[in-house]
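Participant: Structure file final.txt (compact mmCIF, N, CA and C atoms) is given on the next line.
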# COMPACT_ATOMS: atom_id res chain seq x y z
N MET A 1 177.73 207.48 19.33
CA MET A 1 176.64 206.61 18.94
C MET A 1 177.10 205.15 19.06
N ALA A 2 176.35 204.38 19.78
CA ALA A 2 176.70 202.98 20.02
C ALA A 2 176.16 202.11 18.89
N ILE A 3 176.92 201.10 18.53
CA ILE A 3 176.49 200.15 17.51
C ILE A 3 175.90 198.95 18.21
N THR A 4 174.67 198.63 17.86
CA THR A 4 174.00 197.50 18.48
C THR A 4 174.19 196.25 17.63
N LYS A 5 173.86 195.10 18.21
CA LYS A 5 173.96 193.85 17.46
C LYS A 5 173.06 193.87 16.22
N GLY A 6 171.87 194.42 16.38
CA GLY A 6 170.94 194.50 15.25
C GLY A 6 171.49 195.34 14.12
N HIS A 7 172.14 196.45 14.47
CA HIS A 7 172.73 197.33 13.47
C HIS A 7 173.88 196.62 12.75
N THR A 8 174.68 195.90 13.50
CA THR A 8 175.80 195.17 12.92
C THR A 8 175.29 194.09 11.97
N ARG A 9 174.23 193.41 12.38
CA ARG A 9 173.64 192.36 11.54
C ARG A 9 173.08 192.96 10.25
N LEU A 10 172.42 194.12 10.33
CA LEU A 10 171.88 194.79 9.16
C LEU A 10 173.00 195.22 8.22
N ALA A 11 174.07 195.78 8.77
CA ALA A 11 175.21 196.19 7.96
C ALA A 11 175.84 194.98 7.28
N SER A 12 175.93 193.87 8.00
CA SER A 12 176.50 192.65 7.44
C SER A 12 175.63 192.13 6.30
N THR A 13 174.32 192.16 6.46
CA THR A 13 173.39 191.72 5.42
C THR A 13 173.53 192.60 4.19
N ARG A 14 173.62 193.90 4.39
CA ARG A 14 173.79 194.82 3.25
C ARG A 14 175.10 194.54 2.52
N MET A 15 176.17 194.34 3.27
CA MET A 15 177.47 194.06 2.65
C MET A 15 177.44 192.75 1.87
N THR A 16 176.75 191.76 2.41
CA THR A 16 176.61 190.48 1.71
C THR A 16 175.87 190.68 0.40
N SER A 17 174.80 191.47 0.41
CA SER A 17 174.04 191.73 -0.81
C SER A 17 174.88 192.48 -1.83
N VAL A 18 175.61 193.48 -1.37
CA VAL A 18 176.47 194.25 -2.27
C VAL A 18 177.55 193.33 -2.85
N TRP A 19 178.15 192.49 -2.01
CA TRP A 19 179.19 191.58 -2.47
C TRP A 19 178.65 190.61 -3.53
N LYS A 20 177.46 190.06 -3.31
CA LYS A 20 176.86 189.15 -4.29
C LYS A 20 176.63 189.86 -5.61
N TRP A 21 176.18 191.13 -5.54
CA TRP A 21 175.94 191.89 -6.76
C TRP A 21 177.25 192.15 -7.49
N LEU A 22 178.29 192.54 -6.75
CA LEU A 22 179.59 192.85 -7.36
C LEU A 22 180.26 191.63 -7.97
N THR A 23 180.07 190.48 -7.37
CA THR A 23 180.75 189.27 -7.84
C THR A 23 179.90 188.41 -8.77
N ARG A 24 178.72 188.90 -9.14
CA ARG A 24 177.89 188.11 -10.06
C ARG A 24 178.63 187.95 -11.38
N PRO A 25 178.33 186.90 -12.14
CA PRO A 25 179.05 186.66 -13.38
C PRO A 25 178.89 187.83 -14.36
N ILE A 26 179.94 188.08 -15.12
CA ILE A 26 179.89 189.10 -16.16
C ILE A 26 178.82 188.68 -17.18
N HIS A 27 178.17 189.63 -17.78
CA HIS A 27 177.13 189.43 -18.79
C HIS A 27 175.84 188.85 -18.22
N HIS A 28 175.65 189.01 -16.92
CA HIS A 28 174.42 188.53 -16.28
C HIS A 28 173.18 189.08 -16.98
N ARG A 29 173.17 190.38 -17.26
CA ARG A 29 172.00 191.02 -17.89
C ARG A 29 171.74 190.46 -19.29
N ASP A 30 172.81 190.21 -20.05
CA ASP A 30 172.65 189.67 -21.39
C ASP A 30 172.07 188.25 -21.36
N VAL A 31 172.54 187.45 -20.42
CA VAL A 31 172.03 186.08 -20.29
C VAL A 31 170.55 186.12 -19.89
N HIS A 32 170.19 187.07 -19.06
CA HIS A 32 168.79 187.25 -18.67
C HIS A 32 167.94 187.53 -19.92
N GLN A 33 168.44 188.39 -20.81
CA GLN A 33 167.71 188.70 -22.05
C GLN A 33 167.59 187.48 -22.95
N ILE A 34 168.63 186.66 -22.98
CA ILE A 34 168.58 185.42 -23.77
C ILE A 34 167.51 184.51 -23.21
N ARG A 35 167.48 184.35 -21.89
CA ARG A 35 166.47 183.48 -21.26
C ARG A 35 165.07 183.96 -21.60
N LEU A 36 164.83 185.26 -21.49
CA LEU A 36 163.50 185.79 -21.80
C LEU A 36 163.13 185.55 -23.26
N ALA A 37 164.06 185.79 -24.17
CA ALA A 37 163.79 185.60 -25.60
C ALA A 37 163.45 184.14 -25.89
N VAL A 38 164.18 183.21 -25.28
CA VAL A 38 163.92 181.79 -25.50
C VAL A 38 162.56 181.40 -24.92
N GLU A 39 162.29 181.81 -23.68
CA GLU A 39 161.02 181.46 -23.05
C GLU A 39 159.82 182.03 -23.80
N GLN A 40 159.98 183.20 -24.39
CA GLN A 40 158.89 183.83 -25.14
C GLN A 40 158.89 183.41 -26.61
N ARG A 41 159.84 182.54 -26.96
CA ARG A 41 159.99 182.06 -28.34
C ARG A 41 160.09 183.23 -29.31
N ASP A 42 160.82 184.27 -28.89
CA ASP A 42 161.00 185.49 -29.68
C ASP A 42 162.28 185.34 -30.51
N SER A 43 162.15 184.78 -31.70
CA SER A 43 163.32 184.51 -32.53
C SER A 43 164.02 185.80 -32.96
N ALA A 44 163.26 186.87 -33.20
CA ALA A 44 163.88 188.14 -33.61
C ALA A 44 164.74 188.71 -32.48
N GLN A 45 164.25 188.68 -31.25
CA GLN A 45 165.03 189.18 -30.11
C GLN A 45 166.25 188.31 -29.87
N LEU A 46 166.09 187.00 -29.95
CA LEU A 46 167.20 186.09 -29.75
C LEU A 46 168.26 186.31 -30.83
N GLU A 47 167.84 186.45 -32.05
CA GLU A 47 168.78 186.70 -33.15
C GLU A 47 169.54 188.00 -32.95
N ALA A 48 168.89 189.02 -32.41
CA ALA A 48 169.54 190.31 -32.18
C ALA A 48 170.64 190.22 -31.12
N LEU A 49 170.55 189.25 -30.22
CA LEU A 49 171.55 189.08 -29.17
C LEU A 49 172.78 188.29 -29.63
N LEU A 50 172.65 187.63 -30.79
CA LEU A 50 173.72 186.76 -31.27
C LEU A 50 174.63 187.45 -32.27
N ASP A 51 175.91 187.12 -32.19
CA ASP A 51 176.88 187.56 -33.19
C ASP A 51 176.54 186.87 -34.51
N PRO A 52 176.73 187.52 -35.66
CA PRO A 52 176.41 186.86 -36.93
C PRO A 52 177.12 185.52 -37.14
N ASP A 53 178.30 185.37 -36.56
CA ASP A 53 179.07 184.13 -36.72
C ASP A 53 179.01 183.24 -35.47
N VAL A 54 177.94 183.35 -34.70
CA VAL A 54 177.81 182.58 -33.46
C VAL A 54 177.97 181.08 -33.73
N THR A 55 178.54 180.39 -32.77
CA THR A 55 178.70 178.94 -32.83
C THR A 55 178.00 178.33 -31.63
N VAL A 56 177.18 177.31 -31.87
CA VAL A 56 176.55 176.57 -30.79
C VAL A 56 177.03 175.12 -30.89
N ALA A 57 177.67 174.66 -29.81
CA ALA A 57 178.18 173.28 -29.76
C ALA A 57 177.38 172.53 -28.70
N VAL A 58 176.87 171.38 -29.07
CA VAL A 58 176.08 170.56 -28.16
C VAL A 58 176.82 169.25 -27.94
N ALA A 59 177.21 169.01 -26.68
CA ALA A 59 177.94 167.79 -26.32
C ALA A 59 176.97 166.84 -25.63
N SER A 60 176.91 165.62 -26.13
CA SER A 60 176.04 164.60 -25.53
C SER A 60 176.79 163.29 -25.50
N GLY A 61 176.12 162.27 -25.03
CA GLY A 61 176.75 160.96 -24.97
C GLY A 61 177.44 160.75 -23.63
N HIS A 62 178.45 159.90 -23.64
CA HIS A 62 179.18 159.56 -22.42
C HIS A 62 180.55 160.19 -22.45
N ARG A 63 181.17 160.23 -21.27
CA ARG A 63 182.49 160.84 -21.13
C ARG A 63 183.51 160.17 -22.07
N GLU A 64 183.45 158.84 -22.18
CA GLU A 64 184.41 158.13 -23.02
C GLU A 64 184.13 158.31 -24.52
N HIS A 65 182.86 158.48 -24.87
CA HIS A 65 182.48 158.59 -26.28
C HIS A 65 181.54 159.79 -26.48
N PRO A 66 182.08 161.01 -26.30
CA PRO A 66 181.19 162.17 -26.46
C PRO A 66 180.84 162.39 -27.93
N ALA A 67 179.67 162.89 -28.14
CA ALA A 67 179.24 163.29 -29.47
C ALA A 67 179.02 164.79 -29.43
N VAL A 68 179.67 165.52 -30.30
CA VAL A 68 179.55 166.97 -30.33
C VAL A 68 178.99 167.38 -31.68
N ARG A 69 177.90 168.11 -31.64
CA ARG A 69 177.28 168.65 -32.85
C ARG A 69 177.47 170.17 -32.81
N VAL A 70 177.81 170.76 -33.94
CA VAL A 70 178.08 172.20 -33.99
C VAL A 70 177.25 172.83 -35.10
N VAL A 71 176.63 173.96 -34.77
CA VAL A 71 175.97 174.77 -35.80
C VAL A 71 176.59 176.16 -35.75
N ARG A 72 176.60 176.82 -36.90
CA ARG A 72 177.18 178.15 -37.00
C ARG A 72 176.19 179.10 -37.65
N GLY A 73 176.24 180.35 -37.20
CA GLY A 73 175.38 181.38 -37.78
C GLY A 73 174.11 181.58 -36.98
N ARG A 74 173.58 182.79 -37.07
CA ARG A 74 172.39 183.16 -36.29
C ARG A 74 171.18 182.29 -36.59
N TYR A 75 170.90 182.07 -37.87
CA TYR A 75 169.68 181.35 -38.24
C TYR A 75 169.66 179.95 -37.64
N ASP A 76 170.75 179.20 -37.83
CA ASP A 76 170.80 177.83 -37.31
C ASP A 76 170.85 177.81 -35.78
N ALA A 77 171.54 178.80 -35.19
CA ALA A 77 171.62 178.86 -33.72
C ALA A 77 170.24 179.11 -33.12
N VAL A 78 169.50 180.05 -33.68
CA VAL A 78 168.15 180.35 -33.18
C VAL A 78 167.26 179.12 -33.31
N ALA A 79 167.30 178.48 -34.46
CA ALA A 79 166.47 177.28 -34.66
C ALA A 79 166.81 176.19 -33.65
N LEU A 80 168.10 175.94 -33.45
CA LEU A 80 168.52 174.91 -32.50
C LEU A 80 168.11 175.26 -31.08
N LEU A 81 168.37 176.49 -30.66
CA LEU A 81 168.04 176.89 -29.28
C LEU A 81 166.55 176.86 -29.01
N LEU A 82 165.75 177.42 -29.91
CA LEU A 82 164.31 177.43 -29.68
C LEU A 82 163.72 176.03 -29.71
N HIS A 83 164.16 175.21 -30.64
CA HIS A 83 163.63 173.85 -30.71
C HIS A 83 164.13 173.01 -29.53
N GLY A 84 165.41 173.10 -29.24
CA GLY A 84 166.00 172.27 -28.20
C GLY A 84 165.55 172.61 -26.80
N ILE A 85 165.24 173.87 -26.56
CA ILE A 85 164.90 174.29 -25.21
C ILE A 85 163.40 174.34 -24.96
N THR A 86 162.63 174.74 -25.94
CA THR A 86 161.21 174.99 -25.68
C THR A 86 160.27 173.95 -26.29
N SER A 87 160.80 172.94 -26.95
CA SER A 87 159.90 172.01 -27.63
C SER A 87 159.21 171.01 -26.70
N ALA A 88 159.82 170.71 -25.57
CA ALA A 88 159.24 169.72 -24.66
C ALA A 88 158.61 170.42 -23.45
N PRO A 89 157.37 170.06 -23.12
CA PRO A 89 156.73 170.69 -21.96
C PRO A 89 157.36 170.21 -20.64
N GLY A 90 157.25 171.03 -19.63
CA GLY A 90 157.72 170.65 -18.31
C GLY A 90 159.16 170.97 -18.02
N PHE A 91 159.84 171.64 -18.92
CA PHE A 91 161.23 172.01 -18.69
C PHE A 91 161.30 173.45 -18.20
N ALA A 92 162.28 173.73 -17.34
CA ALA A 92 162.45 175.07 -16.78
C ALA A 92 163.86 175.57 -17.08
N LEU A 93 163.95 176.80 -17.53
CA LEU A 93 165.22 177.44 -17.85
C LEU A 93 165.58 178.38 -16.71
N ALA A 94 166.83 178.33 -16.25
CA ALA A 94 167.26 179.18 -15.12
C ALA A 94 168.62 179.79 -15.41
N GLU A 95 168.82 180.99 -14.90
CA GLU A 95 170.11 181.67 -15.02
C GLU A 95 171.00 181.19 -13.89
N ARG A 96 172.18 180.71 -14.23
CA ARG A 96 173.12 180.18 -13.24
C ARG A 96 174.53 180.55 -13.64
N SER A 97 175.43 180.43 -12.70
CA SER A 97 176.85 180.58 -12.99
C SER A 97 177.37 179.24 -13.48
N ILE A 98 177.95 179.23 -14.67
CA ILE A 98 178.51 178.02 -15.25
C ILE A 98 180.00 178.27 -15.44
N ASN A 99 180.83 177.53 -14.75
CA ASN A 99 182.29 177.71 -14.83
C ASN A 99 182.69 179.17 -14.59
N GLY A 100 182.02 179.82 -13.65
CA GLY A 100 182.35 181.20 -13.29
C GLY A 100 181.81 182.26 -14.23
N GLN A 101 181.02 181.86 -15.21
CA GLN A 101 180.42 182.80 -16.16
C GLN A 101 178.90 182.70 -16.07
N ALA A 102 178.25 183.77 -16.49
CA ALA A 102 176.79 183.73 -16.55
C ALA A 102 176.39 182.69 -17.59
N GLY A 103 175.43 181.86 -17.23
CA GLY A 103 174.98 180.82 -18.14
C GLY A 103 173.56 180.41 -17.82
N LEU A 104 173.11 179.34 -18.42
CA LEU A 104 171.74 178.85 -18.25
C LEU A 104 171.76 177.36 -17.94
N THR A 105 170.77 176.92 -17.19
CA THR A 105 170.55 175.49 -17.01
C THR A 105 169.12 175.18 -17.42
N LEU A 106 168.94 173.98 -17.93
CA LEU A 106 167.62 173.48 -18.29
C LEU A 106 167.33 172.32 -17.37
N SER A 107 166.17 172.36 -16.70
CA SER A 107 165.81 171.32 -15.73
C SER A 107 164.48 170.69 -16.08
N HIS A 108 164.34 169.44 -15.68
CA HIS A 108 163.08 168.73 -15.82
C HIS A 108 162.82 168.01 -14.51
N LYS A 109 161.71 168.32 -13.87
CA LYS A 109 161.33 167.73 -12.58
C LYS A 109 162.45 167.88 -11.54
N GLY A 110 163.08 169.03 -11.53
CA GLY A 110 164.10 169.34 -10.53
C GLY A 110 165.50 168.85 -10.85
N ALA A 111 165.67 168.09 -11.90
CA ALA A 111 167.00 167.59 -12.27
C ALA A 111 167.52 168.37 -13.47
N VAL A 112 168.75 168.85 -13.38
CA VAL A 112 169.36 169.59 -14.49
C VAL A 112 169.66 168.63 -15.63
N THR A 113 169.16 168.95 -16.81
CA THR A 113 169.37 168.11 -17.98
C THR A 113 170.35 168.73 -18.97
N ALA A 114 170.62 170.03 -18.83
CA ALA A 114 171.57 170.71 -19.71
C ALA A 114 172.15 171.92 -18.99
N ALA A 115 173.44 172.15 -19.23
CA ALA A 115 174.11 173.34 -18.73
C ALA A 115 174.67 174.07 -19.95
N MET A 116 174.42 175.38 -20.01
CA MET A 116 174.84 176.17 -21.17
C MET A 116 175.79 177.27 -20.76
N ASN A 117 177.02 177.17 -21.24
CA ASN A 117 178.04 178.18 -21.02
C ASN A 117 177.98 179.15 -22.21
N ILE A 118 177.90 180.44 -21.93
CA ILE A 118 177.70 181.43 -22.99
C ILE A 118 178.89 182.37 -23.04
N ASP A 119 179.50 182.48 -24.22
CA ASP A 119 180.65 183.36 -24.43
C ASP A 119 180.23 184.58 -25.23
N PHE A 120 180.90 185.69 -24.95
CA PHE A 120 180.58 186.96 -25.60
C PHE A 120 181.82 187.54 -26.27
N THR A 121 181.60 188.19 -27.40
CA THR A 121 182.62 188.95 -28.11
C THR A 121 181.98 190.24 -28.58
N ARG A 122 182.61 191.36 -28.26
CA ARG A 122 182.10 192.67 -28.65
C ARG A 122 180.63 192.87 -28.24
N GLY A 123 180.26 192.36 -27.08
CA GLY A 123 178.92 192.57 -26.55
C GLY A 123 177.84 191.68 -27.11
N ALA A 124 178.18 190.76 -28.00
CA ALA A 124 177.19 189.84 -28.57
C ALA A 124 177.59 188.40 -28.23
N VAL A 125 176.62 187.51 -28.23
CA VAL A 125 176.89 186.10 -27.95
C VAL A 125 177.66 185.53 -29.13
N SER A 126 178.88 185.06 -28.85
CA SER A 126 179.71 184.51 -29.91
C SER A 126 179.77 182.98 -29.87
N GLY A 127 179.44 182.41 -28.73
CA GLY A 127 179.48 180.96 -28.62
C GLY A 127 178.63 180.45 -27.46
N ILE A 128 178.01 179.31 -27.67
CA ILE A 128 177.24 178.65 -26.62
C ILE A 128 177.65 177.19 -26.62
N TRP A 129 178.08 176.73 -25.44
CA TRP A 129 178.46 175.34 -25.27
C TRP A 129 177.37 174.69 -24.43
N VAL A 130 176.67 173.73 -24.99
CA VAL A 130 175.57 173.04 -24.31
C VAL A 130 176.05 171.65 -23.91
N GLN A 131 176.02 171.39 -22.61
CA GLN A 131 176.47 170.09 -22.08
C GLN A 131 175.24 169.26 -21.71
N LEU A 132 175.05 168.14 -22.41
CA LEU A 132 173.93 167.24 -22.14
C LEU A 132 174.36 165.94 -21.47
N CYS A 133 175.65 165.69 -21.39
CA CYS A 133 176.18 164.44 -20.87
C CYS A 133 175.81 164.28 -19.40
N PRO A 134 175.04 163.24 -19.04
CA PRO A 134 174.61 163.05 -17.65
C PRO A 134 175.76 162.95 -16.66
N GLU A 135 176.86 162.33 -17.05
CA GLU A 135 178.01 162.21 -16.16
C GLU A 135 178.60 163.58 -15.82
N MET A 136 178.63 164.47 -16.79
CA MET A 136 179.17 165.81 -16.57
C MET A 136 178.23 166.66 -15.73
N LEU A 137 176.94 166.33 -15.74
CA LEU A 137 175.94 167.09 -15.00
C LEU A 137 175.69 166.52 -13.60
N ARG A 138 176.39 165.46 -13.25
CA ARG A 138 176.16 164.78 -11.97
C ARG A 138 176.24 165.74 -10.78
N ASN A 139 177.22 166.64 -10.78
CA ASN A 139 177.36 167.57 -9.64
C ASN A 139 176.19 168.53 -9.53
N TRP A 140 175.57 168.86 -10.63
CA TRP A 140 174.39 169.73 -10.58
C TRP A 140 173.23 169.03 -9.89
N ASN A 141 173.18 167.72 -10.01
CA ASN A 141 172.04 166.97 -9.50
C ASN A 141 172.34 166.23 -8.20
N ALA A 142 173.49 166.52 -7.59
CA ALA A 142 173.85 165.85 -6.34
C ALA A 142 172.95 166.36 -5.21
N VAL A 143 172.64 165.46 -4.30
CA VAL A 143 171.80 165.81 -3.16
C VAL A 143 172.66 166.34 -2.05
Write out the structure in this file as structure tokens.
Facilitator:
Amino acid sequence: MAITKGHTRLASTRMTSVWKWLTRPIHHRDVHQIRLAVEQRDSAQLEALLDPDVTVAVASGHREHPAVRVVRGRYDAVALLLHGITSAPGFALAERSINGQAGLTLSHKGAVTAAMNIDFTRGAVSGIWVQLCPEMLRNWNAV
């Protein structure tokens, strides 16, 4: 049986798809569930995905003078995430790889305004690092 160019191209496309699936960030499915819970403003579902001692750190300001705010526990984390992500109209939440891990980005009019790195312990979200600093997000918004 002869292998044609079309067959080789199809096999290459399949291998590329399989490779992308195999190399996707760990916890991709969990981050997807977080995105859905936030978009649907489902506080009960979001709370179920979080470790009881979850920590959410939000970094803002400038590189030289960063301001970091931290909340701990499910209740405060849910309140911060739902208010911070869904309170303003026109923002879009997307699943992305952040520092090689499954994470989320928040965009407004095509520009990324926040990058969220999500850490897991024992299958639950144990930490979320939210980066709001425009200088740190410059590479996300490069043309």
Participant: Check region 32-106 of chain A with DSSP on the backbone and list each residue it calls helix (DSSP H, G or I), as a list in words.
Facilitator: His32, Gln33, Ile34, Arg35, Leu36, Ala37, Val38, Glu39, Ser43, Ala44, Gln45, Leu46, Glu47, Ala48, Leu49, Arg74, Tyr75, Asp76, Ala77, Val78, Ala79, Leu80, Leu81, Leu82, His83, Gly84, Ile85 and Thr86 of chain A
Participant: Skip Ala124 (chain A) itself and residues of its chain fewer than 4 positions away, then list as a list in words all residues within 9 Å of it, counting only C-alpha atoms.
Facilitator: Asp30, Ala48, Leu49, Leu50, Asp51, Pro52, Val54, Asp119 and Phe120 of chain A
Participant: So how many Å separate CA of Gly84 (chain A) and CA of Leu132 (chain A), to one decimal?
Facilitator: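 CA of Leu132 (chain A) lies at a distance of 11.2 Å from CA of Gly84 (chain A).
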Participant: When you draw a straight line from CA of Met116 (chain A) to CA of Leu82 (chain A), how long is it in Å?
Facilitator: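 CA of Met116 (chain A) sits 13.6 Å away from CA of Leu82 (chain A).
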Participant: Of the residues A:Val31, A:Ala115, A:Met15, A:Glu47, which is the one nearest to Arg74 (chain A), using all atoms listed in the file?
Facilitator: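 Selected residue with least distance to Arg74 (chain A): A:Glu47.
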Participant: Please return as a compact mmCIF listing (two decimals) with N, CA and C atoms, in the coordinates of the input: the residues of region 16-131 of chain A that backbone DSSP assigns to strand (DSSP E).
Facilitator:
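out.txt, freshly written:
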# COMPACT_ATOMS: atom_id res chain seq x y z
N LEU A 50 172.65 187.63 -30.79
CA LEU A 50 173.72 186.76 -31.27
C LEU A 50 174.63 187.45 -32.27
N ASP A 51 175.91 187.12 -32.19
CA ASP A 51 176.88 187.56 -33.19
C ASP A 51 176.54 186.87 -34.51
N PRO A 52 176.73 187.52 -35.66
CA PRO A 52 176.41 186.86 -36.93
C PRO A 52 177.12 185.52 -37.14
N ASP A 53 178.30 185.37 -36.56
CA ASP A 53 179.07 184.13 -36.72
C ASP A 53 179.01 183.24 -35.47
N VAL A 54 177.94 183.35 -34.70
CA VAL A 54 177.81 182.58 -33.46
C VAL A 54 177.97 181.08 -33.73
N THR A 55 178.54 180.39 -32.77
CA THR A 55 178.70 178.94 -32.83
C THR A 55 178.00 178.33 -31.63
N VAL A 56 177.18 177.31 -31.87
CA VAL A 56 176.55 176.57 -30.79
C VAL A 56 177.03 175.12 -30.89
N ALA A 57 177.67 174.66 -29.81
CA ALA A 57 178.18 173.28 -29.76
C ALA A 57 177.38 172.53 -28.70
N VAL A 58 176.87 171.38 -29.07
CA VAL A 58 176.08 170.56 -28.16
C VAL A 58 176.82 169.25 -27.94
N ALA A 59 177.21 169.01 -26.68
CA ALA A 59 177.94 167.79 -26.32
C ALA A 59 176.97 166.84 -25.63
N SER A 60 176.91 165.62 -26.13
CA SER A 60 176.04 164.60 -25.53
C SER A 60 176.79 163.29 -25.50
N GLY A 61 176.12 162.27 -25.03
CA GLY A 61 176.75 160.96 -24.97
C GLY A 61 177.44 160.75 -23.63
N PRO A 66 182.08 161.01 -26.30
CA PRO A 66 181.19 162.17 -26.46
C PRO A 66 180.84 162.39 -27.93
N ALA A 67 179.67 162.89 -28.14
CA ALA A 67 179.24 163.29 -29.47
C ALA A 67 179.02 164.79 -29.43
N VAL A 68 179.67 165.52 -30.30
CA VAL A 68 179.55 166.97 -30.33
C VAL A 68 178.99 167.38 -31.68
N ARG A 69 177.90 168.11 -31.64
CA ARG A 69 177.28 168.65 -32.85
C ARG A 69 177.47 170.17 -32.81
N VAL A 70 177.81 170.76 -33.94
CA VAL A 70 178.08 172.20 -33.99
C VAL A 70 177.25 172.83 -35.10
N VAL A 71 176.63 173.96 -34.77
CA VAL A 71 175.97 174.77 -35.80
C VAL A 71 176.59 176.16 -35.75
N ARG A 72 176.60 176.82 -36.90
CA ARG A 72 177.18 178.15 -37.00
C ARG A 72 176.19 179.10 -37.65
N PHE A 91 159.84 171.64 -18.92
CA PHE A 91 161.23 172.01 -18.69
C PHE A 91 161.30 173.45 -18.20
N ALA A 92 162.28 173.73 -17.34
CA ALA A 92 162.45 175.07 -16.78
C ALA A 92 163.86 175.57 -17.08
N LEU A 93 163.95 176.80 -17.53
CA LEU A 93 165.22 177.44 -17.85
C LEU A 93 165.58 178.38 -16.71
N ALA A 94 166.83 178.33 -16.25
CA ALA A 94 167.26 179.18 -15.12
C ALA A 94 168.62 179.79 -15.41
N GLU A 95 168.82 180.99 -14.90
CA GLU A 95 170.11 181.67 -15.02
C GLU A 95 171.00 181.19 -13.89
N ARG A 96 172.18 180.71 -14.23
CA ARG A 96 173.12 180.18 -13.24
C ARG A 96 174.53 180.55 -13.64
N SER A 97 175.43 180.43 -12.70
CA SER A 97 176.85 180.58 -12.99
C SER A 97 177.37 179.24 -13.48
N ILE A 98 177.95 179.23 -14.67
CA ILE A 98 178.51 178.02 -15.25
C ILE A 98 180.00 178.27 -15.44
N GLN A 101 181.02 181.86 -15.21
CA GLN A 101 180.42 182.80 -16.16
C GLN A 101 178.90 182.70 -16.07
N ALA A 102 178.25 183.77 -16.49
CA ALA A 102 176.79 183.73 -16.55
C ALA A 102 176.39 182.69 -17.59
N GLY A 103 175.43 181.86 -17.23
CA GLY A 103 174.98 180.82 -18.14
C GLY A 103 173.56 180.41 -17.82
N LEU A 104 173.11 179.34 -18.42
CA LEU A 104 171.74 178.85 -18.25
C LEU A 104 171.76 177.36 -17.94
N THR A 105 170.77 176.92 -17.19
CA THR A 105 170.55 175.49 -17.01
C THR A 105 169.12 175.18 -17.42
N LEU A 106 168.94 173.98 -17.93
CA LEU A 106 167.62 173.48 -18.29
C LEU A 106 167.33 172.32 -17.37
N SER A 107 166.17 172.36 -16.70
CA SER A 107 165.81 171.32 -15.73
C SER A 107 164.48 170.69 -16.08
N HIS A 108 164.34 169.44 -15.68
CA HIS A 108 163.08 168.73 -15.82
C HIS A 108 162.82 168.01 -14.51
N ALA A 111 165.67 168.09 -11.90
CA ALA A 111 167.00 167.59 -12.27
C ALA A 111 167.52 168.37 -13.47
N VAL A 112 168.75 168.85 -13.38
CA VAL A 112 169.36 169.59 -14.49
C VAL A 112 169.66 168.63 -15.63
N THR A 113 169.16 168.95 -16.81
CA THR A 113 169.37 168.11 -17.98
C THR A 113 170.35 168.73 -18.97
N ALA A 114 170.62 170.03 -18.83
CA ALA A 114 171.57 170.71 -19.71
C ALA A 114 172.15 171.92 -18.99
N ALA A 115 173.44 172.15 -19.23
CA ALA A 115 174.11 173.34 -18.73
C ALA A 115 174.67 174.07 -19.95
N MET A 116 174.42 175.38 -20.01
CA MET A 116 174.84 176.17 -21.17
C MET A 116 175.79 177.27 -20.76
N ASN A 117 177.02 177.17 -21.24
CA ASN A 117 178.04 178.18 -21.02
C ASN A 117 177.98 179.15 -22.21
N ILE A 118 177.90 180.44 -21.93
CA ILE A 118 177.70 181.43 -22.99
C ILE A 118 178.89 182.37 -23.04
N ASP A 119 179.50 182.48 -24.22
CA ASP A 119 180.65 183.36 -24.43
C ASP A 119 180.23 184.58 -25.23
N PHE A 120 180.90 185.69 -24.95
CA PHE A 120 180.58 186.96 -25.60
C PHE A 120 181.82 187.54 -26.27
N THR A 121 181.60 188.19 -27.40
CA THR A 121 182.62 188.95 -28.11
C THR A 121 181.98 190.24 -28.58
N ALA A 124 178.18 190.76 -28.00
CA ALA A 124 177.19 189.84 -28.57
C ALA A 124 177.59 188.40 -28.23
N VAL A 125 176.62 187.51 -28.23
CA VAL A 125 176.89 186.10 -27.95
C VAL A 125 177.66 185.53 -29.13
N SER A 126 178.88 185.06 -28.85
CA SER A 126 179.71 184.51 -29.91
C SER A 126 179.77 182.98 -29.87
N GLY A 127 179.44 182.41 -28.73
CA GLY A 127 179.48 180.96 -28.62
C GLY A 127 178.63 180.45 -27.46
N ILE A 128 178.01 179.31 -27.67
CA ILE A 128 177.24 178.65 -26.62
C ILE A 128 177.65 177.19 -26.62
N TRP A 129 178.08 176.73 -25.44
CA TRP A 129 178.46 175.34 -25.27
C TRP A 129 177.37 174.69 -24.43
N VAL A 130 176.67 173.73 -24.99
CA VAL A 130 175.57 173.04 -24.31
C VAL A 130 176.05 171.65 -23.91
N GLN A 131 176.02 171.39 -22.61
CA GLN A 131 176.47 170.09 -22.08
C GLN A 131 175.24 169.26 -21.71
Participant: Excluding same-chain residues fewer than 5 positions from Ala102 (chain A), what lies within 12 Å of it counting only C-alpha atoms, as a list in words?
Facilitator: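 Neighbouring residues, sequence-local ones excluded: Thr23, Arg24, Pro25, Ile26, His27, His28, Arg29, Asp30, Val31, His32, Gln33, Ile34, Arg35, Ala94, Glu95, Arg96, Ser97, Ala115, Met116, Asn117, Ile118, Asp119, Phe120, Val125 and Ile128 of chain A.
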Participant: Quote the spacing between CA of Ala79 (chain A) and CA of Gln101 (chain A) in Å to one decimal place.
Facilitator: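 Calculated distance between CA of Ala79 (chain A) and CA of Gln101 (chain A) is 23.8 Å.
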Participant: How big is the axis-aligned box, and where does its centre sit, when it encloses all atoms of region 68-76 of chain A listed in the file and has 8 Å added on every side, reported in Å to one decimal as JSON?
Facilitator:
{"center_x": 174.7, "center_y": 174.3, "center_z": -34.3, "size_x": 26.0, "size_y": 33.6, "size_z": 23.9}
Participant: Taking all atoms listed in the file into account, which of A:Arg122, A:Glu39, A:Trp129, A:Ala92 comes nearest Val56 (chain A)?
Facilitator: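 Among the listed residues, the smallest separation from Val56 (chain A) belongs to A:Trp129.
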